[in-house]
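**Student:** Have a look at this one.
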Amino acid sequence: MGWETVRFKGKEFDYNNGLISWVQKFMELFLSKYQHPKWFYEFLDDIKSNFHIPHGKFFFDEELIDKEDNRLDYAIKMIDFTIEKMEKINKREFIEYIRNDLKGIWCDLEPSSFYDDNWLNENETYVNNYIGVLKKLKEIMKP
């Protein structure tokens, strides 16, 4: 896995593209369980489709957000909602939440010998990097 730039309205940050995809998958699965305004489902579809691509990572389409001011606020609230959920679980729970949806995809969790108990139980990188992706995303999305 390599590094990829996440961009939003001229702001950007670089992150591991596989880790970004895992966070996208978590966000998609988690937020799909809730009711949203009709327009927000297009964002969920975008996140789902971008998950399958290792390069050109994004979470929210700028053009869709620019259509109405309240869309940016709602997207940021959904980032906060996802961060809140992620802070209540650990790395192992995060991975188990997305594991089945990763099978056969470019960012699959195979070989399982690499993603062993030591890796699953190491939570410092989960807090700093996995949750950190969404915190950085929120930061670049703020007006």
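Numbering starts fresh at 1 for the residues of each chain in the structure tokens, the chains themselves are lettered A, B, ... in the order given, and ligands are numbered from 1 as they appear.
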Among chain A, which ones does DSSP assign to strand (DSSP E) (computed from the backbone)? Answer as a list of chain:residue names.

**Tutor:**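 Everything in chain A that counts as strand (DSSP E) is A:Trp3, A:Glu4, A:Thr5, A:Val6, A:Arg7, A:Phe8, A:Lys11, A:Glu12, A:Phe13, A:Asp14, A:Tyr15, A:Asn16.
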
**Student:** Have a look at A:Ile95, A:Lys85, A:Glu28, A:Asp61 and name the one nearest to Asp117 of chain A; count only C-alpha atoms.

**Tutor:** A:Ile95

**Student:** Residues near segment 73-81 of chain A, anyone? I mean within 10 Å using only C-alpha atoms, not counting same-chain ones fewer than 5 positions away, as JSON, numbers by chain.

**Tutor:** {"A": [27, 30, 31, 36, 37, 40, 43, 59, 60, 65, 68, 86, 134, 135, 137, 138, 139, 141, 142, 143]}

**Student:** Export N, CA, C and O atoms of the chosen residues as a short mmCIF file (atom, residue, chain, number, x, y, z; two decimals), in the first residue's frame?

**Tutor:**
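Written out: result.cif:
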data_model
loop_
_atom_site.label_atom_id
_atom_site.label_comp_id
_atom_site.auth_asym_id
_atom_site.auth_seq_id
_atom_site.Cartn_x
_atom_site.Cartn_y
_atom_site.Cartn_z
N MET A 27 -16.95 4.04 7.66
CA MET A 27 -17.88 5.16 7.61
C MET A 27 -19.12 4.80 6.80
O MET A 27 -20.24 5.07 7.23
N PHE A 30 -21.19 2.13 8.80
CA PHE A 30 -21.75 2.72 10.02
C PHE A 30 -22.87 3.71 9.70
O PHE A 30 -23.97 3.63 10.25
N LEU A 31 -22.62 4.64 8.79
CA LEU A 31 -23.62 5.67 8.50
C LEU A 31 -24.81 5.12 7.72
O LEU A 31 -25.90 5.69 7.80
N HIS A 36 -30.91 9.55 6.78
CA HIS A 36 -30.25 10.80 6.40
C HIS A 36 -31.15 11.55 5.44
O HIS A 36 -32.06 10.97 4.84
N PRO A 37 -30.86 12.84 5.24
CA PRO A 37 -31.56 13.55 4.17
C PRO A 37 -31.30 12.83 2.84
O PRO A 37 -30.24 12.22 2.66
N PHE A 40 -27.92 12.97 1.02
CA PHE A 40 -26.72 12.42 1.65
C PHE A 40 -26.39 11.02 1.14
O PHE A 40 -25.24 10.61 1.17
N PHE A 43 -23.59 10.88 -1.24
CA PHE A 43 -22.27 10.88 -0.61
C PHE A 43 -21.87 9.47 -0.17
O PHE A 43 -20.74 9.06 -0.36
N PHE A 59 -13.59 11.68 0.33
CA PHE A 59 -14.73 11.26 1.12
C PHE A 59 -16.01 11.96 0.65
O PHE A 59 -17.05 11.34 0.53
N PHE A 60 -15.93 13.26 0.40
CA PHE A 60 -17.11 14.03 0.03
C PHE A 60 -16.84 14.84 -1.22
O PHE A 60 -15.84 15.55 -1.31
N ILE A 65 -21.50 19.23 -2.19
CA ILE A 65 -21.57 20.03 -0.98
C ILE A 65 -21.85 21.49 -1.31
O ILE A 65 -22.60 22.16 -0.61
N GLU A 68 -25.62 23.46 -1.49
CA GLU A 68 -26.34 24.08 -0.37
C GLU A 68 -25.40 24.20 0.82
O GLU A 68 -24.64 23.27 1.11
N MET A 86 -16.04 5.49 16.56
CA MET A 86 -14.70 4.88 16.51
C MET A 86 -13.96 5.02 17.84
O MET A 86 -13.16 4.15 18.20
N LEU A 134 -10.02 10.86 10.02
CA LEU A 134 -11.26 11.64 10.04
C LEU A 134 -11.07 13.01 10.70
O LEU A 134 -11.69 13.99 10.28
N LYS A 135 -10.20 13.09 11.68
CA LYS A 135 -9.92 14.38 12.30
C LYS A 135 -9.24 15.32 11.31
O LYS A 135 -9.55 16.51 11.24
N LEU A 137 -9.52 15.05 8.01
CA LEU A 137 -10.54 15.35 7.02
C LEU A 137 -11.44 16.48 7.50
O LEU A 137 -11.71 17.43 6.77
N LYS A 138 -11.90 16.38 8.73
CA LYS A 138 -12.76 17.43 9.30
C LYS A 138 -12.04 18.77 9.27
O LYS A 138 -12.63 19.80 8.93
N GLU A 139 -10.77 18.76 9.60
CA GLU A 139 -9.98 20.01 9.63
C GLU A 139 -9.92 20.67 8.26
O GLU A 139 -10.08 21.88 8.15
N MET A 141 -12.02 20.31 5.87
CA MET A 141 -13.36 20.63 5.39
C MET A 141 -13.93 21.88 6.03
O MET A 141 -14.86 22.49 5.50
N LYS A 142 -13.40 22.27 7.17
CA LYS A 142 -13.91 23.46 7.86
C LYS A 142 -13.69 24.69 6.98
O LYS A 142 -12.62 24.86 6.41
N PRO A 143 -14.72 25.53 6.93
CA PRO A 143 -14.57 26.77 6.11
C PRO A 143 -13.56 27.74 6.70
O PRO A 143 -13.21 27.70 7.80
#

**Student:** Name the closest residue to Thr82 of chain A among the candidates A:Val23, A:Leu120, A:Val6, A:Leu64; distances are taken between atoms, counting only C-alpha atoms.

**Tutor:**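 Selected residue with least distance to Thr82 of chain A: A:Val23.
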
**Student:** Skip Phe94 of chain A itself and residues of its chain fewer than 3 positions away, then list as a ChimeraX atom specification all residues within 10 Å of it, counting only C-alpha atoms.

**Tutor:** /A:22-23,26,85-91,97-99,120,126,130

**Student:** If you run DSSP over the backbone, which residues in segment 36-139 of chain A end up alpha helix (DSSP H)? Put them as JSON, numbers by chain.

**Tutor:** {"A": [40, 41, 42, 43, 44, 45, 46, 47, 48, 49, 50, 51, 62, 63, 64, 65, 69, 70, 71, 72, 73, 74, 75, 76, 77, 78, 79, 80, 81, 82, 83, 84, 85, 86, 87, 91, 92, 93, 94, 95, 96, 97, 98, 99, 100, 101, 102, 117, 118, 119, 120, 121, 124, 125, 131, 132, 133, 134, 135, 136, 137, 138, 139]}

**Student:** Using only C-alpha atoms for the distances, tell me which of A:Lys57, A:Tyr34, A:Gly2, A:Ile83 is nearest to Asn128 of chain A.

**Tutor:**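 Looking at the shortest contact to Asn128 of chain A, the residue is A:Ile83.
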
**Student:** Counting only C-alpha atoms, which of A:Lys38, A:Lys67, A:Lys136, A:His52 gets nearest to Lys103 of chain A?

**Tutor:**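 Of A:Lys38, A:Lys67, A:Lys136, A:His52, the one nearest Lys103 of chain A is A:His52, counting only C-alpha atoms.
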
**Student:** Go through A:Cys107, A:Ile47, A:Trp119, A:Phe58 one by one, measure the shortest atom-to-atom distance of each to Leu19 of chain A using only C-alpha atoms, and give the residue with the smallest value.

**Tutor:**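 Distance minimum relative to Leu19 of chain A lands on A:Cys107.
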
**Student:** For Lys25 of chain A, which of A:Glu12, A:Asp101, A:Asp45, A:Glu96 is the closest residue, counting only C-alpha atoms?

**Tutor:**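 Answer, going by the shortest atom-to-atom distance: A:Asp101.
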
**Student:** Which residues are near Gly18 of chain A? Cut-off 10 Å, only C-alpha atoms, ignore same chain within fewer than 5 positions. Put them as a ChimeraX atom specification.

**Tutor:** /A:1-4,23-24,51,53-55,57,106-109

**Student:** For the residues in the current selection, export C-alpha atoms as a short mmCIF file (atom, residue, chain, number, x, y, z; two decimals), in the first residue's frame.

**Tutor:**
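Listing of selection11.cif after writing:
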data_model
loop_
_atom_site.label_atom_id
_atom_site.label_comp_id
_atom_site.auth_asym_id
_atom_site.auth_seq_id
_atom_site.Cartn_x
_atom_site.Cartn_y
_atom_site.Cartn_z
CA MET A 1 0.00 0.00 0.00
CA GLY A 2 1.16 3.50 -0.72
CA TRP A 3 0.39 7.06 0.19
CA GLU A 4 -2.40 9.10 -1.32
CA VAL A 23 -11.92 4.17 7.26
CA GLN A 24 -14.11 4.85 4.20
CA PHE A 51 -13.31 2.61 -1.48
CA ILE A 53 -9.99 2.63 -5.91
CA PRO A 54 -6.50 2.80 -4.37
CA HIS A 55 -5.73 6.25 -5.81
CA LYS A 57 -9.01 9.19 -2.43
CA TRP A 106 -7.27 -4.52 -3.20
CA CYS A 107 -6.96 -3.59 0.52
CA ASP A 108 -7.94 -7.01 1.88
CA LEU A 109 -6.61 -8.03 5.28
#
